[in-house]
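For reference, data.cif is printed below; it contains mmCIF, C-alpha atoms and all ligand atoms.
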data_work
loop_
_atom_site.group_PDB
_atom_site.id
_atom_site.type_symbol
_atom_site.label_atom_id
_atom_site.label_comp_id
_atom_site.auth_asym_id
_atom_site.auth_seq_id
_atom_site.Cartn_x
_atom_site.Cartn_y
_atom_site.Cartn_z
ATOM 1 C CA MET S 10 -23.627 -11.238 4.694
ATOM 2 C CA TYR S 11 -23.926 -14.195 2.351
ATOM 3 C CA PRO S 12 -21.510 -17.142 2.467
ATOM 4 C CA LEU S 13 -18.183 -16.099 0.929
ATOM 5 C CA LEU S 14 -15.991 -17.921 -1.562
ATOM 6 C CA ASP S 15 -12.638 -16.135 -1.941
ATOM 7 C CA LEU S 16 -11.117 -17.279 -5.230
ATOM 8 C CA HIS S 17 -7.488 -16.550 -4.373
ATOM 9 C CA CYS S 18 -5.075 -16.338 -1.473
ATOM 10 C CA ASP S 19 -1.369 -17.141 -1.221
ATOM 11 C CA THR S 20 -1.487 -18.237 2.407
ATOM 12 C CA LEU S 21 0.007 -21.698 1.779
ATOM 13 C CA TYR S 22 3.029 -20.217 0.049
ATOM 14 C CA ALA S 23 3.414 -17.528 2.731
ATOM 15 C CA LEU S 24 3.266 -20.109 5.537
ATOM 16 C CA HIS S 25 5.737 -22.355 3.736
ATOM 17 C CA LYS S 26 8.155 -19.483 3.194
ATOM 18 C CA ASN S 27 7.825 -18.108 6.674
ATOM 19 C CA PRO S 28 6.986 -20.799 9.248
ATOM 20 C CA LEU S 29 7.489 -18.223 12.011
ATOM 21 C CA ALA S 30 4.288 -16.517 10.797
ATOM 22 C CA GLY S 31 2.297 -19.294 12.471
ATOM 23 C CA ASN S 32 0.081 -22.042 11.124
ATOM 24 C CA LEU S 33 -3.191 -22.346 9.284
ATOM 25 C CA PHE S 34 -5.242 -22.033 12.463
ATOM 26 C CA SER S 35 -3.616 -18.846 13.671
ATOM 27 C CA ASN S 36 -0.969 -16.695 12.061
ATOM 28 C CA THR S 37 0.240 -13.140 11.558
ATOM 29 C CA LEU S 38 -0.797 -13.174 7.876
ATOM 30 C CA HIS S 39 -4.143 -12.211 6.281
ATOM 31 C CA VAL S 40 -5.907 -15.580 6.336
ATOM 32 C CA ASP S 41 -6.229 -18.178 9.080
ATOM 33 C CA ILE S 42 -8.990 -20.463 10.284
ATOM 34 C CA ALA S 43 -9.648 -18.380 13.404
ATOM 35 C CA ARG S 44 -10.431 -15.327 11.270
ATOM 36 C CA MET S 45 -12.238 -17.315 8.548
ATOM 37 C CA LYS S 46 -14.618 -18.442 11.324
ATOM 38 C CA LYS S 47 -15.420 -14.802 12.137
ATOM 39 C CA GLY S 48 -16.661 -14.243 8.581
ATOM 40 C CA SER S 49 -19.824 -15.475 6.911
ATOM 41 C CA HIS S 50 -19.331 -19.198 6.273
ATOM 42 C CA VAL S 51 -16.053 -18.554 4.448
ATOM 43 C CA THR S 52 -14.455 -20.865 1.928
ATOM 44 C CA SER S 53 -11.007 -19.811 0.720
ATOM 45 C CA CYS S 54 -9.221 -21.007 -2.380
ATOM 46 C CA PHE S 55 -5.705 -21.857 -1.201
ATOM 47 C CA ALA S 56 -3.305 -21.633 -4.125
ATOM 48 C CA ILE S 57 -0.410 -23.969 -4.662
ATOM 49 C CA PHE S 58 1.790 -21.167 -5.947
ATOM 50 C CA VAL S 59 5.289 -21.765 -7.282
ATOM 51 C CA ASP S 60 7.753 -19.058 -8.281
ATOM 52 C CA THR S 61 9.829 -20.772 -10.966
ATOM 53 C CA ASP S 62 12.712 -18.361 -10.260
ATOM 54 C CA GLU S 63 12.997 -19.880 -6.794
ATOM 55 C CA SER S 64 12.440 -23.491 -7.574
ATOM 56 C CA PHE S 65 14.573 -26.021 -9.442
ATOM 57 C CA SER S 66 11.606 -28.374 -9.712
ATOM 58 C CA PRO S 67 8.218 -26.641 -9.790
ATOM 59 C CA TRP S 68 6.532 -30.028 -9.407
ATOM 60 C CA LYS S 69 8.520 -30.790 -6.244
ATOM 61 C CA ALA S 70 7.659 -27.317 -4.889
ATOM 62 C CA ALA S 71 3.969 -27.970 -5.640
ATOM 63 C CA CYS S 72 4.154 -31.335 -3.839
ATOM 64 C CA ASP S 73 5.675 -29.580 -0.801
ATOM 65 C CA LEU S 74 2.795 -27.081 -0.668
ATOM 66 C CA HIS S 75 0.279 -29.885 -1.125
ATOM 67 C CA SER S 76 1.836 -31.704 1.855
ATOM 68 C CA LEU S 77 1.567 -28.525 3.919
ATOM 69 C CA PHE S 78 -2.097 -28.199 2.894
ATOM 70 C CA ILE S 79 -2.882 -31.784 3.917
ATOM 71 C CA ALA S 80 -1.013 -31.496 7.230
ATOM 72 C CA SER S 81 -2.706 -28.168 8.012
ATOM 73 C CA LEU S 82 -6.150 -29.631 7.395
ATOM 74 C CA GLN S 83 -5.416 -32.797 9.347
ATOM 75 C CA ALA S 84 -4.382 -30.685 12.337
ATOM 76 C CA ASN S 85 -7.717 -28.842 12.194
ATOM 77 C CA THR S 86 -10.376 -31.394 11.278
ATOM 78 C CA ASP S 87 -12.822 -29.888 13.793
ATOM 79 C CA HIS S 88 -12.610 -26.507 12.107
ATOM 80 C CA ILE S 89 -11.977 -26.743 8.375
ATOM 81 C CA GLN S 90 -12.768 -29.154 5.596
ATOM 82 C CA GLN S 91 -11.486 -29.453 2.050
ATOM 83 C CA VAL S 92 -14.253 -29.011 -0.504
ATOM 84 C CA CYS S 93 -13.803 -30.196 -4.075
ATOM 85 C CA THR S 94 -17.285 -29.693 -5.512
ATOM 86 C CA THR S 95 -20.012 -27.088 -5.204
ATOM 87 C CA GLU S 96 -22.202 -29.636 -3.381
ATOM 88 C CA GLU S 97 -19.466 -30.267 -0.808
ATOM 89 C CA LEU S 98 -18.969 -26.528 -0.421
ATOM 90 C CA VAL S 99 -22.631 -25.759 0.173
ATOM 91 C CA GLN S 100 -23.147 -28.702 2.560
ATOM 92 C CA ASN S 101 -19.931 -28.176 4.537
ATOM 93 C CA PRO S 102 -20.829 -27.013 8.074
ATOM 94 C CA LEU S 103 -17.265 -25.819 8.762
ATOM 95 C CA VAL S 104 -15.154 -23.191 7.050
ATOM 96 C CA GLY S 105 -13.992 -24.490 3.702
ATOM 97 C CA ALA S 106 -10.703 -24.939 1.871
ATOM 98 C CA MET S 107 -10.557 -25.283 -1.889
ATOM 99 C CA LEU S 108 -7.227 -26.230 -3.404
ATOM 100 C CA THR S 109 -6.144 -24.338 -6.541
ATOM 101 C CA CYS S 110 -2.914 -23.816 -8.498
ATOM 102 C CA GLU S 111 -1.091 -20.725 -9.686
ATOM 103 C CA GLU S 112 1.663 -21.295 -12.300
ATOM 104 C CA GLY S 113 1.167 -23.865 -15.055
ATOM 105 C CA GLN S 114 4.854 -24.786 -14.947
ATOM 106 C CA ILE S 115 3.950 -26.944 -11.960
ATOM 107 C CA LEU S 116 3.182 -29.526 -14.655
ATOM 108 C CA GLU S 117 6.748 -29.237 -16.030
ATOM 109 C CA GLY S 118 5.230 -29.796 -19.462
ATOM 110 C CA ASP S 119 3.592 -33.098 -18.527
ATOM 111 C CA LEU S 120 -0.189 -32.777 -18.881
ATOM 112 C CA SER S 121 -0.731 -36.187 -17.243
ATOM 113 C CA ARG S 122 0.084 -34.407 -13.960
ATOM 114 C CA LEU S 123 -3.265 -32.614 -14.282
ATOM 115 C CA LYS S 124 -4.865 -35.927 -13.289
ATOM 116 C CA ILE S 125 -2.766 -35.962 -10.105
ATOM 117 C CA LEU S 126 -3.868 -32.395 -9.356
ATOM 118 C CA LYS S 127 -7.459 -33.478 -9.878
ATOM 119 C CA ASP S 128 -6.907 -36.385 -7.468
ATOM 120 C CA TRP S 129 -5.591 -33.873 -4.902
ATOM 121 C CA GLY S 130 -8.917 -32.054 -5.290
ATOM 122 C CA VAL S 131 -7.617 -29.073 -7.273
ATOM 123 C CA THR S 132 -10.641 -27.192 -8.634
ATOM 124 C CA MET S 133 -8.996 -24.368 -10.601
ATOM 125 C CA ALA S 134 -5.542 -23.595 -12.017
ATOM 126 C CA SER S 135 -3.893 -20.629 -13.693
ATOM 127 C CA LEU S 136 -1.944 -21.247 -16.886
ATOM 128 C CA THR S 137 0.887 -18.866 -15.982
ATOM 129 C CA TRP S 138 2.188 -16.652 -13.237
ATOM 130 C CA ASN S 139 4.523 -13.781 -14.118
ATOM 131 C CA HIS S 140 7.009 -15.763 -16.222
ATOM 132 C CA GLU S 141 6.890 -17.440 -19.610
ATOM 133 C CA ASN S 142 6.356 -21.168 -19.188
ATOM 134 C CA ASP S 143 5.623 -24.293 -21.258
ATOM 135 C CA LEU S 144 1.974 -23.253 -21.644
ATOM 136 C CA GLY S 145 2.149 -19.544 -22.462
ATOM 137 C CA TYR S 146 3.233 -16.038 -21.562
ATOM 138 C CA PRO S 147 2.486 -13.642 -18.702
ATOM 139 C CA HIS S 148 0.513 -10.383 -18.754
ATOM 140 C CA THR S 149 3.678 -8.372 -19.492
ATOM 141 C CA LYS S 150 3.845 -10.015 -22.960
ATOM 142 C CA ALA S 151 0.482 -8.817 -24.264
ATOM 143 C CA ASP S 152 0.821 -10.021 -27.875
ATOM 144 C CA MET S 153 1.930 -13.586 -27.146
ATOM 145 C CA PRO S 154 -0.821 -16.230 -27.487
ATOM 146 C CA LEU S 155 -1.017 -19.579 -25.707
ATOM 147 C CA LYS S 156 1.501 -22.176 -26.818
ATOM 148 C CA THR S 157 0.260 -25.434 -28.352
ATOM 149 C CA LEU S 158 0.722 -27.196 -25.020
ATOM 150 C CA GLY S 159 -1.295 -24.432 -23.340
ATOM 151 C CA ILE S 160 -4.209 -25.015 -25.712
ATOM 152 C CA GLU S 161 -3.981 -28.754 -24.999
ATOM 153 C CA ALA S 162 -3.903 -27.990 -21.271
ATOM 154 C CA VAL S 163 -7.161 -26.021 -21.558
ATOM 155 C CA SER S 164 -8.891 -29.033 -23.155
ATOM 156 C CA GLU S 165 -7.475 -31.487 -20.651
ATOM 157 C CA MET S 166 -8.400 -29.289 -17.684
ATOM 158 C CA GLU S 167 -11.951 -28.995 -18.992
ATOM 159 C CA ARG S 168 -12.128 -32.755 -19.492
ATOM 160 C CA LEU S 169 -11.005 -33.342 -15.901
ATOM 161 C CA GLY S 170 -13.173 -30.584 -14.444
ATOM 162 C CA ILE S 171 -10.422 -28.135 -13.419
ATOM 163 C CA VAL S 172 -11.510 -24.537 -14.074
ATOM 164 C CA VAL S 173 -9.102 -22.564 -16.304
ATOM 165 C CA ASP S 174 -7.839 -19.369 -14.630
ATOM 166 C CA VAL S 175 -6.534 -16.568 -16.890
ATOM 167 C CA SER S 176 -5.268 -14.238 -14.150
ATOM 168 C CA HIS S 177 -1.606 -13.348 -14.871
ATOM 169 C CA LEU S 178 -1.956 -14.499 -18.501
ATOM 170 C CA SER S 179 -1.028 -12.387 -21.557
ATOM 171 C CA ASP S 180 -3.833 -10.619 -23.439
ATOM 172 C CA ALA S 181 -3.340 -12.810 -26.512
ATOM 173 C CA GLY S 182 -3.324 -15.819 -24.181
ATOM 174 C CA PHE S 183 -6.683 -14.671 -22.802
ATOM 175 C CA TYR S 184 -8.063 -14.607 -26.345
ATOM 176 C CA SER S 185 -6.597 -18.071 -27.022
ATOM 177 C CA VAL S 186 -8.479 -19.394 -23.991
ATOM 178 C CA ALA S 187 -11.668 -17.601 -25.068
ATOM 179 C CA GLU S 188 -11.356 -19.197 -28.505
ATOM 180 C CA HIS S 189 -10.652 -22.746 -27.341
ATOM 181 C CA ALA S 190 -12.581 -23.017 -24.061
ATOM 182 C CA ARG S 191 -15.839 -24.933 -24.191
ATOM 183 C CA LYS S 192 -16.711 -24.213 -20.562
ATOM 184 C CA PRO S 193 -16.761 -20.996 -18.509
ATOM 185 C CA PHE S 194 -13.315 -19.836 -17.409
ATOM 186 C CA VAL S 195 -12.278 -17.323 -14.746
ATOM 187 C CA ALA S 196 -9.893 -14.536 -13.872
ATOM 188 C CA SER S 197 -9.629 -15.485 -10.211
ATOM 189 C CA HIS S 198 -7.934 -12.276 -9.038
ATOM 190 C CA SER S 199 -8.016 -9.454 -11.625
ATOM 191 C CA ASN S 200 -9.730 -6.061 -11.800
ATOM 192 C CA SER S 201 -10.687 -3.504 -14.476
ATOM 193 C CA ARG S 202 -7.943 -2.019 -16.677
ATOM 194 C CA GLU S 203 -10.202 0.902 -17.587
ATOM 195 C CA CYS S 204 -10.342 1.841 -13.879
ATOM 196 C CA THR S 205 -6.639 1.183 -13.212
ATOM 197 C CA PRO S 206 -4.405 0.756 -16.269
ATOM 198 C CA VAL S 207 -2.122 -2.146 -15.338
ATOM 199 C CA SER S 208 -1.597 -5.270 -17.439
ATOM 200 C CA ARG S 209 -2.782 -7.555 -14.585
ATOM 201 C CA ASN S 210 -6.276 -6.079 -14.963
ATOM 202 C CA LEU S 211 -8.837 -6.900 -17.669
ATOM 203 C CA SER S 212 -9.806 -4.592 -20.537
ATOM 204 C CA ASP S 213 -13.468 -3.820 -21.146
ATOM 205 C CA GLU S 214 -13.457 -6.170 -24.129
ATOM 206 C CA MET S 215 -11.994 -8.976 -22.005
ATOM 207 C CA LEU S 216 -14.639 -8.364 -19.326
ATOM 208 C CA ARG S 217 -17.363 -8.554 -21.967
ATOM 209 C CA ILE S 218 -15.977 -11.805 -23.438
ATOM 210 C CA LEU S 219 -15.462 -13.322 -19.988
ATOM 211 C CA GLY S 220 -19.041 -12.420 -19.016
ATOM 212 C CA GLU S 221 -20.448 -13.828 -22.241
ATOM 213 C CA ALA S 222 -18.528 -17.061 -21.652
ATOM 214 C CA GLY S 223 -20.259 -17.389 -18.276
ATOM 215 C CA GLY S 224 -17.066 -16.742 -16.323
ATOM 216 C CA VAL S 225 -16.203 -14.567 -13.333
ATOM 217 C CA ALA S 226 -13.516 -12.089 -12.294
ATOM 218 C CA GLY S 227 -12.519 -12.014 -8.625
ATOM 219 C CA LEU S 228 -12.040 -8.525 -7.196
ATOM 220 C CA ASN S 229 -8.368 -8.221 -6.204
ATOM 221 C CA PHE S 230 -7.392 -6.085 -3.186
ATOM 222 C CA CYS S 231 -3.818 -5.376 -4.365
ATOM 223 C CA PRO S 232 -3.339 -1.584 -3.948
ATOM 224 C CA SER S 233 -1.639 -1.089 -7.341
ATOM 225 C CA PHE S 234 -4.453 -2.949 -9.173
ATOM 226 C CA LEU S 235 -7.087 -0.692 -7.545
ATOM 227 C CA SER S 236 -5.657 2.808 -8.008
ATOM 228 C CA SER S 237 -2.453 4.783 -8.574
ATOM 229 C CA ASP S 238 -1.870 4.670 -4.794
ATOM 230 C CA LYS S 239 0.549 1.754 -4.612
ATOM 231 C CA GLN S 240 0.943 1.971 -0.813
ATOM 232 C CA LYS S 241 -2.659 1.806 0.331
ATOM 233 C CA ASN S 242 -5.926 0.374 -0.951
ATOM 234 C CA HIS S 243 -9.260 2.124 -0.568
ATOM 235 C CA ILE S 244 -12.719 0.605 -0.332
ATOM 236 C CA SER S 245 -14.064 3.326 -2.633
ATOM 237 C CA ASP S 246 -11.765 1.962 -5.368
ATOM 238 C CA MET S 247 -12.959 -1.600 -4.777
ATOM 239 C CA VAL S 248 -16.521 -0.337 -5.279
ATOM 240 C CA ARG S 249 -15.488 1.643 -8.379
ATOM 241 C CA HIS S 250 -13.915 -1.466 -9.955
ATOM 242 C CA ALA S 251 -16.838 -3.720 -8.999
ATOM 243 C CA LYS S 252 -19.292 -1.268 -10.570
ATOM 244 C CA HIS S 253 -17.306 -1.060 -13.788
ATOM 245 C CA MET S 254 -16.850 -4.820 -14.000
ATOM 246 C CA HIS S 255 -20.599 -5.195 -13.437
ATOM 247 C CA ASN S 256 -21.342 -2.684 -16.212
ATOM 248 C CA LYS S 257 -19.011 -4.260 -18.768
ATOM 249 C CA GLY S 258 -19.278 -7.969 -17.918
ATOM 250 C CA GLY S 259 -22.770 -8.161 -16.445
ATOM 251 C CA SER S 260 -23.878 -8.905 -12.897
ATOM 252 C CA GLY S 261 -22.894 -12.567 -13.296
ATOM 253 C CA ILE S 262 -19.188 -11.732 -13.667
ATOM 254 C CA LEU S 263 -18.648 -10.468 -10.133
ATOM 255 C CA ALA S 264 -16.640 -12.513 -7.648
ATOM 256 C CA ILE S 265 -14.071 -12.006 -4.900
ATOM 257 C CA GLY S 266 -10.384 -12.883 -5.301
ATOM 258 C CA THR S 267 -8.705 -10.968 -2.489
ATOM 259 C CA ASP S 268 -5.107 -12.090 -3.185
ATOM 260 C CA PHE S 269 -4.605 -12.037 0.597
ATOM 261 C CA ASP S 270 -1.086 -13.057 1.641
ATOM 262 C CA GLY S 271 0.096 -12.272 -1.881
ATOM 263 C CA ILE S 272 -0.286 -8.505 -1.459
ATOM 264 C CA GLY S 273 1.317 -5.865 0.733
ATOM 265 C CA GLY S 274 0.676 -2.281 1.725
ATOM 266 C CA ASP S 275 -1.735 -0.546 4.025
ATOM 267 C CA LEU S 276 -4.944 -2.536 3.528
ATOM 268 C CA ALA S 277 -8.406 -1.065 4.169
ATOM 269 C CA ILE S 278 -9.611 -4.627 4.746
ATOM 270 C CA GLU S 279 -6.824 -6.118 6.812
ATOM 271 C CA ASP S 280 -7.798 -9.767 6.654
ATOM 272 C CA ILE S 281 -10.450 -12.323 5.744
ATOM 273 C CA ALA S 282 -12.471 -11.358 8.859
ATOM 274 C CA GLY S 283 -12.971 -7.815 7.572
ATOM 275 C CA MET S 284 -15.113 -8.398 4.491
ATOM 276 C CA GLU S 285 -18.159 -6.714 6.015
ATOM 277 C CA ARG S 286 -16.624 -3.296 5.266
ATOM 278 C CA LEU S 287 -16.730 -4.009 1.534
ATOM 279 C CA TRP S 288 -20.200 -5.505 1.837
ATOM 280 C CA ASP S 289 -21.520 -2.370 3.573
ATOM 281 C CA ALA S 290 -19.915 -0.048 1.006
ATOM 282 C CA LEU S 291 -21.415 -2.035 -1.879
ATOM 283 C CA VAL S 292 -24.868 -1.961 -0.250
ATOM 284 C CA GLN S 293 -24.595 1.799 0.239
ATOM 285 C CA THR S 294 -23.681 2.250 -3.431
ATOM 286 C CA GLY S 295 -26.802 0.453 -4.609
ATOM 287 C CA PHE S 296 -25.620 -3.103 -5.230
ATOM 288 C CA THR S 297 -28.684 -5.312 -4.919
ATOM 289 C CA ASN S 298 -29.009 -8.390 -2.736
ATOM 290 C CA SER S 299 -28.866 -10.491 -5.847
ATOM 291 C CA ASP S 300 -25.626 -8.746 -7.016
ATOM 292 C CA LEU S 301 -24.028 -9.362 -3.633
ATOM 293 C CA GLU S 302 -25.169 -12.966 -3.361
ATOM 294 C CA GLY S 303 -23.651 -13.534 -6.804
ATOM 295 C CA MET S 304 -20.431 -11.723 -6.018
ATOM 296 C CA TRP S 305 -19.883 -13.384 -2.644
ATOM 297 C CA GLN S 306 -20.317 -16.937 -3.898
ATOM 298 C CA LYS S 307 -23.112 -17.808 -6.296
ATOM 299 C CA ASN S 308 -21.473 -16.663 -9.560
ATOM 300 C CA ALA S 309 -18.300 -18.616 -8.841
ATOM 301 C CA LEU S 310 -20.327 -21.690 -7.870
ATOM 302 C CA ARG S 311 -22.057 -21.469 -11.244
ATOM 303 C CA VAL S 312 -18.630 -21.766 -12.913
ATOM 304 C CA PHE S 313 -17.493 -24.651 -10.709
ATOM 305 C CA SER S 314 -20.755 -26.533 -11.431
ATOM 306 C CA ALA S 315 -20.501 -26.086 -15.215
HETATM 307 ZN ZN ZN G 401 -1.478 -13.972 -8.391
#
Please go through the file and, once you have read it, give me the structure as structure tokens.
Amino acid sequence: MYPLLDLHCDTLYALHKNPLAGNLFSNTLHVDIARMKKGSHVTSCFAIFVDTDESFSPWKAACDLHSLFIASLQANTDHIQQVCTTEELVQNPLVGAMLTCEEGQILEGDLSRLKILKDWGVTMASLTWNHENDLGYPHTKADMPLKTLGIEAVSEMERLGIVVDVSHLSDAGFYSVAEHARKPFVASHSNSRECTPVSRNLSDEMLRILGEAGGVAGLNFCPSFLSSDKQKNHISDMVRHAKHMHNKGGSGILAIGTDFDGIGGDLAIEDIAGMERLWDALVQTGFTNSDLEGMWQKNALRVFSA
């Protein structure tokens, strides 16, 4: 297998919510360092995720998760290293940790906080999660475009070098980003809506636009985004989505965004150590070496370098 960059997991949030699950080195969740080390030179994007329904101050909640991230890395300096650039990622001899954000309300409407996120080493951030916020609207509000502050956030993120993530965003918000973005953007953990008709997935037109913009879509393992079987995911459906995304967005659109520790159900790939099962299925279906190299890491690195 090629080195893997997983564009999305919610492990930080899960560990913060449930300390009894363990720590970053070893836990009962989907992602820990011990299992990252069993994979092929894995780098995971650890999201600072805030549910604004739970948190009086999203910024404070984000700071708490950042502290947990720092403490977890400091406790494991022999095993894992934060990587903030593609060069650092490629040269890192250990397993890698990229810091990302999910939920633009972390900023609490103050775009100057993007600079703080950049100083933390945040490489990518979603504009929304599942609620309306100061920047825009979630996927359940298809017709609602980005707000003025959301458009300003896109420009400021691009200026600072934080990749714009449209996963969870409304359809009209996606088109706002496509209109205003000057750099490639991503859907870090979203699949094909043609294959599975849920609003969290991307339509064929969105896949085409995303591909033309030089962006990527990370294949999400959430059962209900892969098929009508909400209890269990199937590798055959992951392959089906990857094929369709490849056909509509081009080979350069493929990436991995497992959503580990943000998804439940009976998982065909139980954790970050099990990625070989998907790899083998893709090889058997005719994905070329170059497709797989792109999907595992290279396509996403192209976006982060842009
Ligand atoms: Zn998510």
task = Expand the PyMOL selection byres (((chain S and resi 38-46) around 8) and not hetatm) into the individual residues it matches in the shown file, reporting them as a list in words.
result =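 Checked against the file, the PyMOL selection byres (((chain S and resi 38-46) around 8) and not hetatm) matches Cys18, Thr20, Ala23, Ala30, Asn32, Leu33, Phe34, Ser35, Asn36, Thr37, Lys47, Gly48, Ser49, His50, Val51, Thr52, His88, Ile89, Val104, Phe269, Asp270, Glu279, Asp280, Ile281 and Ala282 of chain S.
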key: Residues selected by the PyMOL selection byres (((not hetatm)) within 10 of (chain G and resi 401)), written as a list in words   = His17, Cys18, Asp19, Ala56, Phe58, Cys110, Glu111, Glu112, Ser135, Thr137, Trp138, Asn139, Ser176, His177, Ser197, His198, Ser199, Arg209, Asn229, Cys231, Gly266, Thr267, Asp268, Phe269, Gly271 and Ile272 of chain S
Let me see the file: selected residues, C-alpha atoms, as a PDB file, in the coordinates of the input.
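Output contents, as saved in part_15.pdb:
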ATOM      1  CA  HIS S  17      -7.488 -16.550  -4.373  1.00  0.00           C
ATOM      2  CA  CYS S  18      -5.075 -16.338  -1.473  1.00  0.00           C
ATOM      3  CA  ASP S  19      -1.369 -17.141  -1.221  1.00  0.00           C
ATOM      4  CA  ALA S  56      -3.305 -21.633  -4.125  1.00  0.00           C
ATOM      5  CA  PHE S  58       1.790 -21.167  -5.947  1.00  0.00           C
ATOM      6  CA  CYS S 110      -2.914 -23.816  -8.498  1.00  0.00           C
ATOM      7  CA  GLU S 111      -1.091 -20.725  -9.686  1.00  0.00           C
ATOM      8  CA  GLU S 112       1.663 -21.295 -12.300  1.00  0.00           C
ATOM      9  CA  SER S 135      -3.893 -20.629 -13.693  1.00  0.00           C
ATOM     10  CA  THR S 137       0.887 -18.866 -15.982  1.00  0.00           C
ATOM     11  CA  TRP S 138       2.188 -16.652 -13.237  1.00  0.00           C
ATOM     12  CA  ASN S 139       4.523 -13.781 -14.118  1.00  0.00           C
ATOM     13  CA  SER S 176      -5.268 -14.238 -14.150  1.00  0.00           C
ATOM     14  CA  HIS S 177      -1.606 -13.348 -14.871  1.00  0.00           C
ATOM     15  CA  SER S 197      -9.629 -15.485 -10.211  1.00  0.00           C
ATOM     16  CA  HIS S 198      -7.934 -12.276  -9.038  1.00  0.00           C
ATOM     17  CA  SER S 199      -8.016  -9.454 -11.625  1.00  0.00           C
ATOM     18  CA  ARG S 209      -2.782  -7.555 -14.585  1.00  0.00           C
ATOM     19  CA  ASN S 229      -8.368  -8.221  -6.204  1.00  0.00           C
ATOM     20  CA  CYS S 231      -3.818  -5.376  -4.365  1.00  0.00           C
ATOM     21  CA  GLY S 266     -10.384 -12.883  -5.301  1.00  0.00           C
ATOM     22  CA  THR S 267      -8.705 -10.968  -2.489  1.00  0.00           C
ATOM     23  CA  ASP S 268      -5.107 -12.090  -3.185  1.00  0.00           C
ATOM     24  CA  PHE S 269      -4.605 -12.037   0.597  1.00  0.00           C
ATOM     25  CA  GLY S 271       0.096 -12.272  -1.881  1.00  0.00           C
ATOM     26  CA  ILE S 272      -0.286  -8.505  -1.459  1.00  0.00           C
TER      27      ILE S 272
END
ask   = Smallest atom-to-atom distance to S:Trp305: which of S:Asp15, S:Gly259, S:Gln91, S:Asp62, using only C-alpha atoms?
value = S:Asp15
query = Which residues fall under the PyMOL selection byres (((chain S and resi 213) around 8) and not hetatm) in this file, as a list of chain:residue names?
reply =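 When the PyMOL selection byres (((chain S and resi 213) around 8) and not hetatm) is applied to the shown file, the picked residues are S:Ser201, S:Arg202, S:Glu203, S:Leu211, S:Ser212, S:Glu214, S:Met215, S:Leu216, S:Arg217, S:Met254, S:Lys257, S:Gly258.
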Keeping only C-alpha atoms, write the selected residues as a PDB file, keeping the file's coordinate frame.
ATOM      1  CA  SER S 201     -10.687  -3.504 -14.476  1.00  0.00           C
ATOM      2  CA  ARG S 202      -7.943  -2.019 -16.677  1.00  0.00           C
ATOM      3  CA  GLU S 203     -10.202   0.902 -17.587  1.00  0.00           C
ATOM      4  CA  LEU S 211      -8.837  -6.900 -17.669  1.00  0.00           C
ATOM      5  CA  SER S 212      -9.806  -4.592 -20.537  1.00  0.00           C
ATOM      6  CA  GLU S 214     -13.457  -6.170 -24.129  1.00  0.00           C
ATOM      7  CA  MET S 215     -11.994  -8.976 -22.005  1.00  0.00           C
ATOM      8  CA  LEU S 216     -14.639  -8.364 -19.326  1.00  0.00           C
ATOM      9  CA  ARG S 217     -17.363  -8.554 -21.967  1.00  0.00           C
ATOM     10  CA  MET S 254     -16.850  -4.820 -14.000  1.00  0.00           C
ATOM     11  CA  LYS S 257     -19.011  -4.260 -18.768  1.00  0.00           C
ATOM     12  CA  GLY S 258     -19.278  -7.969 -17.918  1.00  0.00           C
TER      13      GLY S 258
END
query = Restricting the calculation to all atoms listed in the file, which member of S:Gly274, S:Pro28, S:Gly220, S:Pro193 is positioned closest to S:Ser314?
reply = S:Pro193
ask   = How would you write as number ranges by chain the residues that get within 12 Å of (-24.5, -16.7, -6.3) in the file's frame, counting only C-alpha atoms?
value = S: 11-14, 95, 99, 225, 260-265, 298-314
request  = Might you pull out every residue within 7 Å of stretch 65-76 of chain S, with all atoms listed in the file counted and same-chain residues fewer than 5 positions away left off, and present them as a list in words?
outcome  =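 Using all atoms listed in the file, the neighbours found are Leu21, Tyr22, Ile57, Val59, Gln114, Ile115, Leu116 and Glu117 of chain S.
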key: Nearest-residue call for S:Lys192, choices S:Leu123, S:Ala106, S:Ala315, S:Leu24, using all atoms listed in the file   =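 Smallest distance to S:Lys192 is found for S:Ala315.
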task = Name the closest residue to S:Gly130 among the candidates S:Thr149, S:Thr94, S:Asn256, S:Asn101; distances are taken between atoms, counting only C-alpha atoms.
result =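 Smallest distance to S:Gly130 is found for S:Thr94.
Proximity of S:Ala162, S:Ala226, S:Leu108, S:Leu287 to S:Leu77, computed with all atoms listed in the file, is greatest for S:Leu108.
Pairwise distance (atom CA of S:Leu16, atom CA of S:Val173) equals 12.4 Å.
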inquiry  = Between atom CA of S:Leu291 and atom CA of S:Gly273, what is the distance in Å, rounded to a tenth?
reply    =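 These atoms are spaced 23.2 Å apart.
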message = Just want the 10 Å neighbourhood of S:Leu276, counted on all atoms listed in the file, with same-chain residues fewer than 6 positions away dropped. Output as an NGL selection string.
response = :S and (230-232 or 240-244 or 269)
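The space between atom CA of S:Glu285 and atom CA of S:Leu228 spans 14.7 Å.
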12 Å contact set for S:Phe183, all atoms listed in the file, chain neighbours under 3 positions out, as JSON, numbers by chain = {"S": [135, 136, 137, 145, 146, 147, 148, 150, 151, 152, 153, 154, 155, 156, 159, 160, 163, 173, 174, 175, 176, 177, 178, 179, 180, 186, 187, 188, 189, 190, 194, 195, 196, 208, 209, 210, 211, 212, 214, 215, 216, 218, 219]}
